[in-house]
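J.: So here's model-v7.tsv, just TSV, C-alpha atoms:
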```tsv
chain	number	residue	atom	x	y	z
P	1	MET	CA	-24.90	-17.51	-27.01
P	2	ALA	CA	-27.19	-15.78	-29.48
P	3	LEU	CA	-24.66	-13.11	-30.43
P	4	THR	CA	-21.85	-14.06	-32.76
P	5	ILE	CA	-19.38	-12.62	-35.24
P	6	THR	CA	-19.45	-13.86	-38.84
P	7	PRO	CA	-16.21	-15.78	-39.46
P	8	GLU	CA	-13.72	-14.57	-42.05
P	9	LYS	CA	-13.90	-16.48	-45.34
P	10	THR	CA	-10.14	-16.88	-45.55
P	11	LYS	CA	-8.51	-19.22	-43.05
P	12	SER	CA	-6.58	-17.25	-40.43
P	13	LYS	CA	-3.11	-18.22	-39.29
P	14	ARG	CA	-2.56	-19.69	-35.84
P	15	ILE	CA	-1.80	-16.93	-33.33
P	16	ARG	CA	0.47	-17.76	-30.39
P	17	ILE	CA	-0.65	-15.82	-27.31
P	18	LEU	CA	0.78	-15.41	-23.83
P	19	HIS	CA	-2.08	-14.73	-21.39
P	20	LEU	CA	-1.08	-13.18	-18.04
P	21	ALA	CA	-3.90	-13.21	-15.47
P	22	SER	CA	-5.12	-14.71	-12.20
P	23	PHE	CA	-6.06	-18.26	-13.12
P	24	SER	CA	-5.82	-19.58	-9.55
P	25	GLY	CA	-8.02	-16.84	-8.13
P	26	ASN	CA	-11.57	-16.82	-6.82
P	27	ILE	CA	-14.95	-17.58	-8.40
P	28	GLY	CA	-15.01	-14.12	-9.97
P	29	ASP	CA	-11.72	-14.78	-11.76
P	30	ASN	CA	-13.09	-18.10	-12.99
P	31	ILE	CA	-16.26	-16.45	-14.32
P	32	SER	CA	-14.15	-13.83	-16.09
P	33	HIS	CA	-11.85	-16.37	-17.76
P	34	ILE	CA	-14.64	-18.70	-18.85
P	35	GLY	CA	-16.42	-15.67	-20.30
P	36	PHE	CA	-13.28	-14.56	-22.12
P	37	LYS	CA	-12.81	-18.04	-23.57
P	38	ASN	CA	-16.42	-17.90	-24.83
P	39	LEU	CA	-15.79	-14.44	-26.29
P	40	LEU	CA	-12.68	-15.60	-28.16
P	41	ASN	CA	-14.53	-18.66	-29.49
P	42	GLN	CA	-17.06	-16.34	-31.10
P	43	LEU	CA	-14.26	-14.59	-33.04
P	44	HIS	CA	-13.45	-17.85	-34.91
P	45	LEU	CA	-9.70	-17.39	-34.51
P	46	ASP	CA	-7.04	-20.09	-34.46
P	47	LEU	CA	-5.40	-19.36	-31.10
P	48	ASP	CA	-2.68	-21.18	-29.19
P	49	ILE	CA	-2.82	-19.69	-25.68
P	50	THR	CA	-0.21	-20.18	-22.96
P	51	ARG	CA	-1.38	-19.16	-19.50
P	52	LEU	CA	0.94	-17.38	-17.06
P	53	GLU	CA	-0.23	-16.91	-13.46
P	54	ILE	CA	-0.01	-13.25	-12.41
P	55	ARG	CA	-0.17	-14.09	-8.69
P	56	LYS	CA	3.41	-15.32	-8.98
P	57	PHE	CA	4.37	-11.69	-9.65
P	58	TYR	CA	2.65	-10.29	-6.54
P	59	ASN	CA	4.82	-8.66	-3.89
P	60	ASN	CA	3.48	-11.04	-1.24
P	61	TYR	CA	4.19	-14.22	-3.26
P	62	ASN	CA	7.31	-15.90	-1.87
P	63	LEU	CA	7.42	-19.45	-3.25
P	64	SER	CA	10.33	-20.78	-5.29
P	65	ASP	CA	8.61	-20.08	-8.63
P	66	LYS	CA	8.14	-16.37	-7.91
P	67	ARG	CA	8.29	-14.11	-10.96
P	68	PHE	CA	9.05	-10.42	-11.43
P	69	PHE	CA	7.97	-7.70	-13.82
P	70	ASN	CA	11.37	-7.41	-15.47
P	71	GLN	CA	13.20	-7.76	-18.78
P	72	GLU	CA	12.77	-11.54	-18.63
P	73	LEU	CA	8.98	-11.08	-18.80
P	74	ILE	CA	9.21	-8.53	-21.62
P	75	SER	CA	11.42	-10.91	-23.61
P	76	GLU	CA	8.87	-13.66	-23.02
P	77	ILE	CA	6.06	-11.37	-24.23
P	78	ASN	CA	8.07	-10.49	-27.35
P	79	SER	CA	8.59	-14.19	-28.15
P	80	TYR	CA	4.85	-14.62	-28.80
P	81	ASP	CA	2.64	-13.19	-31.55
P	82	ASP	CA	0.46	-11.39	-29.00
P	83	CYS	CA	0.14	-10.98	-25.26
P	84	ILE	CA	-3.08	-10.56	-23.26
P	85	ILE	CA	-3.17	-9.24	-19.69
P	86	GLY	CA	-6.38	-9.48	-17.69
P	87	GLY	CA	-9.10	-9.21	-16.84
P	88	GLY	CA	-8.93	-7.91	-13.33
P	89	GLY	CA	-8.46	-4.82	-11.21
P	90	TYR	CA	-4.70	-4.69	-11.69
P	91	MET	CA	-4.66	-0.97	-12.51
P	92	SER	CA	-5.88	0.11	-9.08
P	93	TYR	CA	-3.26	2.66	-8.07
P	94	ASN	CA	-3.53	2.36	-4.29
P	95	GLN	CA	-0.76	-0.22	-3.96
P	96	ALA	CA	2.00	0.38	-1.43
P	97	ASN	CA	5.58	-0.57	-2.30
P	98	SER	CA	4.95	-0.54	-6.04
P	99	LEU	CA	6.88	1.65	-8.48
P	100	THR	CA	3.70	2.15	-10.55
P	101	ALA	CA	1.29	2.14	-7.55
P	102	THR	CA	-0.43	-0.82	-9.28
P	103	THR	CA	0.01	-4.59	-9.37
P	104	PHE	CA	2.79	-4.03	-11.95
P	105	ASN	CA	5.70	-3.29	-9.62
P	106	CYS	CA	8.47	-2.26	-12.02
P	107	ASP	CA	10.06	0.70	-13.75
P	108	SER	CA	7.40	2.15	-16.07
P	109	LYS	CA	9.93	2.48	-18.90
P	110	LEU	CA	10.21	-1.30	-19.04
P	111	TRP	CA	6.95	-1.39	-21.02
P	112	GLU	CA	8.48	0.77	-23.76
P	113	LYS	CA	10.32	-2.40	-24.80
P	114	VAL	CA	7.13	-4.29	-25.71
P	115	GLU	CA	7.41	-5.04	-29.44
P	116	LYS	CA	4.43	-7.35	-30.03
P	117	PRO	CA	0.71	-6.50	-29.75
P	118	LEU	CA	-0.24	-6.36	-26.07
P	119	PHE	CA	-3.94	-6.27	-25.19
P	120	ILE	CA	-4.77	-5.25	-21.62
P	121	VAL	CA	-8.35	-6.47	-21.38
P	122	SER	CA	-11.34	-6.16	-19.04
P	123	MET	CA	-9.18	-3.98	-16.84
P	124	GLY	CA	-10.42	-2.13	-13.78
P	125	LEU	CA	-9.30	0.68	-11.49
P	126	ASN	CA	-10.95	0.28	-8.10
P	127	PHE	CA	-11.38	3.74	-6.66
P	128	PHE	CA	-12.09	3.73	-2.95
P	129	HIS	CA	-12.20	7.40	-1.95
P	130	ASP	CA	-15.54	8.92	-0.97
P	131	GLU	CA	-15.68	12.47	0.37
P	132	LYS	CA	-18.75	11.62	2.47
P	133	LEU	CA	-16.74	9.09	4.43
P	134	ASP	CA	-13.59	9.40	6.46
P	135	ILE	CA	-11.47	7.56	3.91
P	136	PRO	CA	-8.06	8.98	2.95
P	137	GLN	CA	-7.53	9.95	-0.64
P	138	ILE	CA	-4.93	8.12	-2.68
P	139	SER	CA	-1.61	9.87	-2.20
P	140	THR	CA	-0.18	12.33	-4.70
P	141	ALA	CA	2.88	10.11	-4.98
P	142	ASN	CA	0.74	7.15	-6.01
P	143	LYS	CA	-1.11	9.23	-8.59
P	144	GLU	CA	2.15	10.48	-10.07
P	145	SER	CA	3.60	6.96	-10.21
P	146	PHE	CA	0.48	5.66	-11.90
P	147	LEU	CA	0.37	8.48	-14.42
P	148	ARG	CA	3.98	7.85	-15.48
P	149	PHE	CA	3.08	4.21	-16.03
P	150	TRP	CA	-0.16	5.03	-17.85
P	151	LYS	CA	1.60	7.44	-20.22
P	152	VAL	CA	4.05	4.74	-21.23
P	153	LEU	CA	1.21	2.31	-21.92
P	154	PHE	CA	-0.91	4.55	-24.09
P	155	THR	CA	2.01	6.05	-26.04
P	156	ASN	CA	3.27	2.60	-27.11
P	157	ASP	CA	1.35	1.84	-30.30
P	158	LYS	CA	1.70	-1.90	-29.61
P	159	ILE	CA	-0.31	-1.65	-26.37
P	160	HIS	CA	-4.10	-1.39	-26.34
P	161	ILE	CA	-6.25	-1.09	-23.23
P	162	ASN	CA	-9.86	-2.18	-22.78
P	163	LEU	CA	-11.38	-0.78	-19.59
P	164	ARG	CA	-14.33	-2.70	-18.17
P	165	ASN	CA	-17.74	-1.23	-17.34
P	166	ASP	CA	-17.02	-0.58	-13.67
P	167	GLY	CA	-16.50	3.19	-13.74
P	168	SER	CA	-12.80	2.95	-14.67
P	169	THR	CA	-13.12	5.32	-17.64
P	170	GLN	CA	-14.81	7.87	-15.37
P	171	VAL	CA	-11.94	7.57	-12.86
P	172	ILE	CA	-9.31	8.25	-15.52
P	173	GLU	CA	-11.25	11.20	-16.94
P	174	ARG	CA	-12.03	12.71	-13.53
P	175	GLU	CA	-8.60	12.27	-11.97
P	176	PHE	CA	-6.31	12.84	-14.96
P	177	GLY	CA	-8.30	14.16	-17.92
P	178	LYS	CA	-10.07	12.78	-20.96
P	179	GLU	CA	-6.88	12.90	-23.02
P	180	PHE	CA	-5.56	9.99	-20.95
P	181	LEU	CA	-8.22	7.70	-22.39
P	182	LYS	CA	-6.44	7.79	-25.75
P	183	ASN	CA	-6.01	4.33	-27.29
P	184	THR	CA	-8.47	2.79	-24.81
P	185	HIS	CA	-11.87	1.22	-25.30
P	186	LYS	CA	-14.70	0.76	-22.84
P	187	THR	CA	-15.92	-2.83	-23.03
P	188	LEU	CA	-18.04	-5.17	-20.99
P	189	ASP	CA	-16.26	-7.18	-18.34
P	190	ASN	CA	-15.34	-10.60	-19.72
P	191	GLY	CA	-17.82	-12.18	-17.31
P	192	PHE	CA	-20.71	-10.94	-19.46
P	193	PHE	CA	-19.86	-13.75	-21.90
P	194	PHE	CA	-20.19	-16.40	-19.20
P	195	LYS	CA	-23.16	-18.75	-18.86
P	196	SER	CA	-23.50	-21.57	-16.36
P	197	SER	CA	-23.59	-25.04	-17.86
P	198	PHE	CA	-24.65	-26.65	-14.57
P	199	LYS	CA	-28.11	-28.16	-15.07
P	200	SER	CA	-29.08	-29.53	-11.67
P	201	LYS	CA	-30.70	-27.43	-8.93
P	202	PHE	CA	-28.84	-27.00	-5.66
P	203	LEU	CA	-32.11	-26.81	-3.73
P	204	ASP	CA	-35.67	-27.60	-4.83
P	205	LYS	CA	-37.21	-24.70	-2.90
P	206	LYS	CA	-37.92	-21.03	-3.47
P	207	TYR	CA	-34.95	-19.25	-1.96
P	208	LEU	CA	-33.07	-16.01	-1.49
P	209	ALA	CA	-29.36	-16.33	-2.31
P	210	ILE	CA	-27.08	-14.04	-0.29
P	211	ASN	CA	-23.45	-13.37	-1.16
P	212	THR	CA	-21.78	-11.21	1.45
P	213	ILE	CA	-18.18	-10.30	2.08
P	214	SER	CA	-16.11	-9.88	5.22
P	215	ARG	CA	-15.53	-6.59	6.99
P	216	GLU	CA	-14.16	-3.90	4.70
P	217	PRO	CA	-10.95	-2.24	5.98
P	218	HIS	CA	-12.54	1.20	6.37
P	219	LEU	CA	-15.54	0.05	8.43
P	220	THR	CA	-15.46	0.57	12.18
P	221	LEU	CA	-16.40	-2.37	14.36
P	222	GLN	CA	-19.73	-0.68	15.11
P	223	GLU	CA	-20.45	-0.13	11.41
P	224	TRP	CA	-19.67	-3.78	10.71
P	225	GLN	CA	-21.95	-4.84	13.55
P	226	ASN	CA	-24.74	-2.65	12.17
P	227	PHE	CA	-24.25	-4.20	8.72
P	228	LYS	CA	-24.56	-7.72	10.12
P	229	ASN	CA	-27.64	-6.79	12.15
P	230	SER	CA	-29.29	-5.43	9.02
P	231	LEU	CA	-28.53	-8.64	7.12
P	232	VAL	CA	-30.07	-10.68	9.94
P	233	ARG	CA	-33.23	-8.60	9.66
P	234	ILE	CA	-33.28	-9.26	5.90
P	235	VAL	CA	-32.95	-12.99	6.55
P	236	GLU	CA	-35.84	-12.91	9.05
P	237	TYR	CA	-38.00	-10.86	6.67
P	238	ALA	CA	-37.39	-13.24	3.76
P	239	ILE	CA	-38.23	-16.27	5.90
P	240	ASN	CA	-41.27	-14.91	7.75
P	241	THR	CA	-42.86	-12.55	5.23
P	242	LEU	CA	-41.80	-13.91	1.83
P	243	LYS	CA	-41.66	-17.57	2.91
P	244	LEU	CA	-38.28	-18.03	1.25
P	245	HIS	CA	-35.45	-20.34	2.21
P	246	ILE	CA	-32.01	-18.67	2.56
P	247	ILE	CA	-28.82	-19.85	0.85
P	248	PHE	CA	-25.58	-18.09	1.78
P	249	VAL	CA	-23.12	-18.27	-1.13
P	250	PRO	CA	-19.38	-17.95	-0.38
P	251	HIS	CA	-16.87	-17.15	-3.11
P	252	ILE	CA	-13.68	-17.20	-1.02
P	253	PRO	CA	-12.77	-18.48	2.49
P	254	LEU	CA	-13.19	-15.01	4.03
P	255	ASP	CA	-16.83	-15.02	2.90
P	256	LEU	CA	-17.38	-18.07	5.10
P	257	GLU	CA	-16.07	-16.16	8.10
P	258	ALA	CA	-18.59	-13.39	7.45
P	259	ILE	CA	-21.39	-15.93	7.02
P	260	CYS	CA	-20.51	-17.55	10.35
P	261	GLU	CA	-20.62	-14.15	12.07
P	262	ILE	CA	-24.07	-13.48	10.65
P	263	LEU	CA	-25.31	-16.94	11.58
P	264	SER	CA	-24.14	-16.39	15.16
P	265	LEU	CA	-26.68	-13.55	15.38
P	266	THR	CA	-29.51	-15.56	13.82
P	267	ASN	CA	-32.31	-17.42	15.59
P	268	GLU	CA	-31.39	-21.06	16.17
P	269	ARG	CA	-34.65	-22.34	14.67
P	270	TYR	CA	-34.00	-20.50	11.41
P	271	LYS	CA	-30.52	-21.99	11.20
P	272	ARG	CA	-31.92	-25.49	11.60
P	273	GLU	CA	-34.93	-25.20	9.29
P	274	ASN	CA	-34.63	-22.26	6.91
P	275	ILE	CA	-30.97	-21.61	6.10
P	276	SER	CA	-28.40	-23.43	3.96
P	277	VAL	CA	-24.81	-22.57	3.06
P	278	ALA	CA	-23.49	-23.40	-0.40
P	279	PRO	CA	-20.16	-25.23	-0.61
P	280	LEU	CA	-16.94	-23.27	-1.03
P	281	LEU	CA	-15.74	-24.28	-4.49
P	282	GLN	CA	-13.07	-23.00	-6.86
P	283	GLY	CA	-12.11	-23.51	-10.49
P	284	GLU	CA	-14.37	-23.72	-13.54
P	285	PHE	CA	-16.69	-26.27	-11.95
P	286	GLY	CA	-17.11	-23.98	-8.94
P	287	ALA	CA	-17.97	-21.01	-11.17
P	288	HIS	CA	-20.64	-22.97	-13.07
P	289	PHE	CA	-22.06	-24.42	-9.84
P	290	ILE	CA	-22.22	-21.13	-7.91
P	291	ALA	CA	-23.72	-19.25	-10.88
P	292	SER	CA	-26.46	-21.87	-11.11
P	293	ILE	CA	-27.48	-21.06	-7.53
P	294	TYR	CA	-28.01	-17.41	-8.52
P	295	ARG	CA	-29.78	-18.50	-11.72
P	296	ASP	CA	-32.34	-20.62	-9.88
P	297	SER	CA	-33.00	-18.18	-7.01
P	298	ALA	CA	-36.20	-16.22	-6.47
P	299	PHE	CA	-33.91	-13.28	-5.60
P	300	SER	CA	-30.19	-12.79	-5.04
P	301	ILE	CA	-28.54	-10.17	-2.83
P	302	VAL	CA	-24.84	-9.92	-3.71
P	303	SER	CA	-21.86	-7.83	-2.68
P	304	ARG	CA	-19.27	-9.12	-5.13
P	305	PHE	CA	-18.65	-7.70	-8.61
P	306	HIS	CA	-18.74	-10.98	-10.52
P	307	ALA	CA	-21.58	-12.35	-8.41
P	308	SER	CA	-23.57	-9.44	-9.85
P	309	ILE	CA	-22.46	-10.26	-13.39
P	310	ALA	CA	-23.34	-13.94	-12.91
P	311	CYS	CA	-26.85	-12.81	-11.96
P	312	PHE	CA	-27.09	-10.46	-14.95
P	313	VAL	CA	-26.19	-13.12	-17.52
P	314	GLU	CA	-28.53	-15.66	-15.91
P	315	ASN	CA	-31.44	-13.16	-15.86
P	316	ALA	CA	-31.72	-13.55	-12.09
P	317	LYS	CA	-33.49	-10.94	-9.97
P	318	VAL	CA	-30.49	-9.36	-8.27
P	319	ILE	CA	-29.94	-6.64	-5.69
P	320	GLY	CA	-26.42	-5.26	-5.48
P	321	LEU	CA	-25.32	-4.35	-1.96
P	322	SER	CA	-22.11	-2.45	-1.33
P	323	HIS	CA	-20.65	0.37	0.73
P	324	SER	CA	-20.57	3.63	-1.16
P	325	TYR	CA	-16.78	3.90	-1.40
P	326	VAL	CA	-16.66	0.77	-3.57
P	327	ASN	CA	-17.91	2.79	-6.53
P	328	ARG	CA	-17.32	0.06	-9.09
P	329	MET	CA	-20.45	-1.83	-7.97
P	330	LYS	CA	-22.65	1.22	-8.39
P	331	ALA	CA	-21.10	1.97	-11.78
P	332	LEU	CA	-21.63	-1.64	-12.86
P	333	TYR	CA	-25.36	-1.53	-12.16
P	334	GLU	CA	-25.69	1.85	-13.86
P	335	SER	CA	-23.97	0.46	-16.97
P	336	VAL	CA	-26.70	-2.17	-17.49
P	337	ASN	CA	-29.66	0.04	-16.60
P	338	LEU	CA	-30.20	-1.49	-13.16
P	339	ALA	CA	-29.21	1.47	-10.98
P	340	ASP	CA	-32.48	1.14	-9.06
P	341	CYS	CA	-31.46	-2.41	-8.06
P	342	PHE	CA	-28.29	-1.24	-6.31
P	343	VAL	CA	-28.40	-0.44	-2.59
P	344	GLU	CA	-25.70	1.38	-0.64
P	345	ALA	CA	-25.04	-0.22	2.73
P	346	LYS	CA	-25.95	2.82	4.76
P	347	GLU	CA	-27.66	2.78	8.15
P	348	ASN	CA	-30.96	0.83	8.00
P	349	PHE	CA	-30.33	-0.15	4.38
P	350	GLU	CA	-32.56	-3.18	4.91
P	351	GLN	CA	-35.62	-0.96	4.32
P	352	ASN	CA	-34.51	-0.44	0.72
P	353	ILE	CA	-33.94	-4.17	0.36
P	354	PHE	CA	-37.43	-4.92	1.70
P	355	ALA	CA	-38.94	-2.56	-0.86
P	356	LEU	CA	-37.12	-4.25	-3.75
P	357	LEU	CA	-38.04	-7.73	-2.54
P	358	GLU	CA	-41.69	-6.68	-2.37
P	359	SER	CA	-41.75	-4.89	-5.73
P	360	TYR	CA	-38.81	-5.76	-7.95
P	361	PRO	CA	-38.54	-3.75	-11.21
P	362	GLN	CA	-39.97	-5.59	-14.21
P	363	LYS	CA	-36.74	-5.69	-16.18
P	364	HIS	CA	-33.44	-7.48	-16.58
P	365	ALA	CA	-29.90	-6.21	-17.09
P	366	ASP	CA	-29.58	-4.50	-20.47
P	367	PHE	CA	-26.23	-5.39	-22.05
P	368	GLN	CA	-26.90	-7.17	-25.36
P	369	ASN	CA	-25.90	-4.21	-27.55
P	370	GLN	CA	-22.76	-3.75	-25.47
P	371	GLN	CA	-21.96	-7.43	-26.01
P	372	MET	CA	-21.95	-6.97	-29.77
P	373	GLN	CA	-19.88	-3.78	-29.50
P	374	THR	CA	-17.37	-5.59	-27.29
P	375	LEU	CA	-17.11	-8.47	-29.77
P	376	GLU	CA	-16.51	-6.02	-32.60
P	377	ILE	CA	-13.76	-4.24	-30.65
P	378	TYR	CA	-11.93	-7.52	-30.08
P	379	GLN	CA	-12.42	-8.59	-33.68
P	380	ASP	CA	-10.86	-5.32	-34.88
P	381	LEU	CA	-7.93	-5.64	-32.46
P	382	PHE	CA	-7.00	-9.11	-33.67
P	383	LYS	CA	-7.63	-8.22	-37.32
P	384	ASN	CA	-5.59	-5.01	-37.31
P	385	PHE	CA	-2.63	-6.26	-35.32
P	386	ASN	CA	-2.08	-9.76	-36.70
```
As structure tokens, what does this structure read like?
T.:
Amino acid sequence: MALTITPEKTKSKRIRILHLASFSGNIGDNISHIGFKNLLNQLHLDLDITRLEIRKFYNNYNLSDKRFFNQELISEINSYDDCIIGGGGYMSYNQANSLTATTFNCDSKLWEKVEKPLFIVSMGLNFFHDEKLDIPQISTANKESFLRFWKVLFTNDKIHINLRNDGSTQVIEREFGKEFLKNTHKTLDNGFFFKSSFKSKFLDKKYLAINTISREPHLTLQEWQNFKNSLVRIVEYAINTLKLHIIFVPHIPLDLEAICEILSLTNERYKRENISVAPLLQGEFGAHFIASIYRDSAFSIVSRFHASIACFVENAKVIGLSHSYVNRMKALYESVNLADCFVEAKENFEQNIFALLESYPQKHADFQNQQMQTLEIYQDLFKNFN
């Protein structure tokens, strides 16, 4: 990457780090972790990182190697020089059966025992409530549980929180007050330091890449049907009017189910001649491969957070498509000066998509200054606490 931090003249000591995150997750997790590795490389630090899979701590994980957020974990954290948690949306406080209402199901006071620098990085709070829709607000009990947890985190001077550019800082300020952003930084999501290394082209044609997700829990069956019908009309428009091939791009198995539902509504001739489906891949290779499909597209229409970021860093012409209650997508596009390239999936949203495909704004995502600021924040964290 063009941006870099000037290395310190004196040789730094090796720092032993425990990194707790989702390493066996989806393409978005892979993009985030590759980006974070690139970010750390630019800091010119001597790091010895041990990865710990956070999915083993989930309530619904029941294999023999299940872990818990307990004193054993805190002791493990304190045995390292530093600990890193993230990135991810682990601070979403809509979780049932969690003492903190987040992924971290434990007594909040447990985190008072953290004695080594703990960096919670690229962290998000997904906020689903929208007053315009019939979506229940997060319960008062969940808010209170989260706030107890949050207070412990930001009053422990060993713990530092970097919130990603997905509207999380606005959620904290709006719901709890600006004072609860103390000891936090707003940084770019780690994925902004990702770049695909895959050189070959998936398809030697001009194409529209489409990443869509399965039915959201708050959509009625009729709303989901309307959404699929609109996507079919977009497919037909791209093929007939723009003369583009279509590539559907799945990130997880559920995406394939949604793609199959959309294909079932599509003209048979188009399916045979004008539509392809990218392979379902995981891991670092999968992240590089999938991002290259967005990179080489004429346009990409995406509904996933890190699919958007992959398009941003590859300078692809991208249109974000999401239902209004998933406010993090809208906030993401606003943060890089591409708000006019985000479309809410309201009734007949395809008209807005058509307009963007016909006359796409002459600009790319604007995040280079934020990249340097993010690098400087991480440099200061490691310098001041090691």
J.: Distance atom CA of Arg14 of chain P-atom CA of Glu76 of chain P, one decimal place?
T.: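 Computed distance, atom CA of Arg14 of chain P to atom CA of Glu76 of chain P, equals 18.2 Å.
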J.: Restrict the calculation to all atoms listed in the file, then for each residue of segment 286-364 of chain P with any atom at most 9 Å from an atom of segment 242-247 of chain P give the closest atom pair and their distance in Å to one decimal, rows by chain and rising residue number, as a tab-separated table.
T.:
```
residue	atom	partner	partner_atom	distance
P:Ile293	CA	P:Ile247	CA	8.6
P:Ala298	CA	P:Leu244	CA	8.2
P:Leu357	CA	P:Leu242	CA	8.5
P:Glu358	CA	P:Leu242	CA	8.4
```
J.: Counting only C-alpha atoms, what is within 7 Å of Ser32 of chain P, bar same-chain residues fewer than 4 positions away, as number ranges by chain?
T.: P: 28, 36, 87, 190-191
J.: Centre and edge lengths of an axis-aligned box around all listed atoms of segment 47-62 of chain P, with 3 Å added on each side, are to be given in Å to one decimal, as AutoDock Vina command-line options.
T.:
```
--center_x 1.0 --center_y -14.9 --center_z -16.2 --size_x 18.7 --size_y 18.5 --size_z 35.9
```
J.: Write out as an MDAnalysis selection string which residues come within 10 Å of segment 252-255 of chain P when counting all atoms listed in the file, dropping same-chain ones fewer than 4 positions away.
T.: chainID P and resid 25:28 211:215 248 259:261 280:282
J.: Which one is closest to Ser335 of chain P: P:Met372, P:Asp366, P:Ser230, P:Leu221? Count all atoms listed in the file.
T.: P:Asp366
J.: Could you please determine the separation between atom CA of Ser322 of chain P and atom CA of Ser303 of chain P in Å, to one decimal place?
T.: 5.6 Å
J.: Find the residues near segment 151-167 of chain P: any atom within 10 Å, counting only C-alpha atoms, skip ones fewer than 6 places away on the same chain, and give them as a ChimeraX atom specification.
T.: /P:82-89,91,108-127,180-190,305,327-336,370,374,377-378,381,385
J.: Have a look at atom CA of Asn142 of chain P and atom CA of Cys106 of chain P and let me know their distance in Å, one decimal.
T.: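 Answer for the atom CA of Asn142 of chain P to atom CA of Cys106 of chain P separation: 13.6 Å.
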J.: I'd like the contact shell of segment 194-199 of chain P - 12 Å cut-off, only C-alpha atoms, skipping same-chain residues fewer than 6 positions apart - returned as an NGL selection string.
T.: :P and (1-2 or 28-41 or 188 or 284-296 or 306-307 or 309-315 or 371)
J.: Can you tell me, as number ranges by chain, what residues are no more than 8 Å from Ile353 of chain P when counting all atoms listed in the file, ignoring any on the same chain fewer than 2 positions away?
T.: P: 234, 319, 343, 349-351, 355-357
J.: Which of these, P:Gln368, P:Asn384, P:Thr140, P:Asn105, has the shortest distance to Glu175 of chain P once you count only C-alpha atoms?
T.: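 Answer, going by the shortest atom-to-atom distance: P:Thr140.
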J.: Have a look at P:Arg67, P:Lys143, P:His251, P:His364 and name the one nearest to Val277 of chain P; count only C-alpha atoms.
T.: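 Looking at the shortest contact to Val277 of chain P, the residue is P:His251.
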J.: Could you check which of P:Leu45, P:Ile54, P:Ala96, P:Ile17 is closest to Asn78 of chain P, using only C-alpha atoms?
T.: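 Ranking P:Leu45, P:Ile54, P:Ala96, P:Ile17 by distance to Asn78 of chain P, first place goes to P:Ile17.
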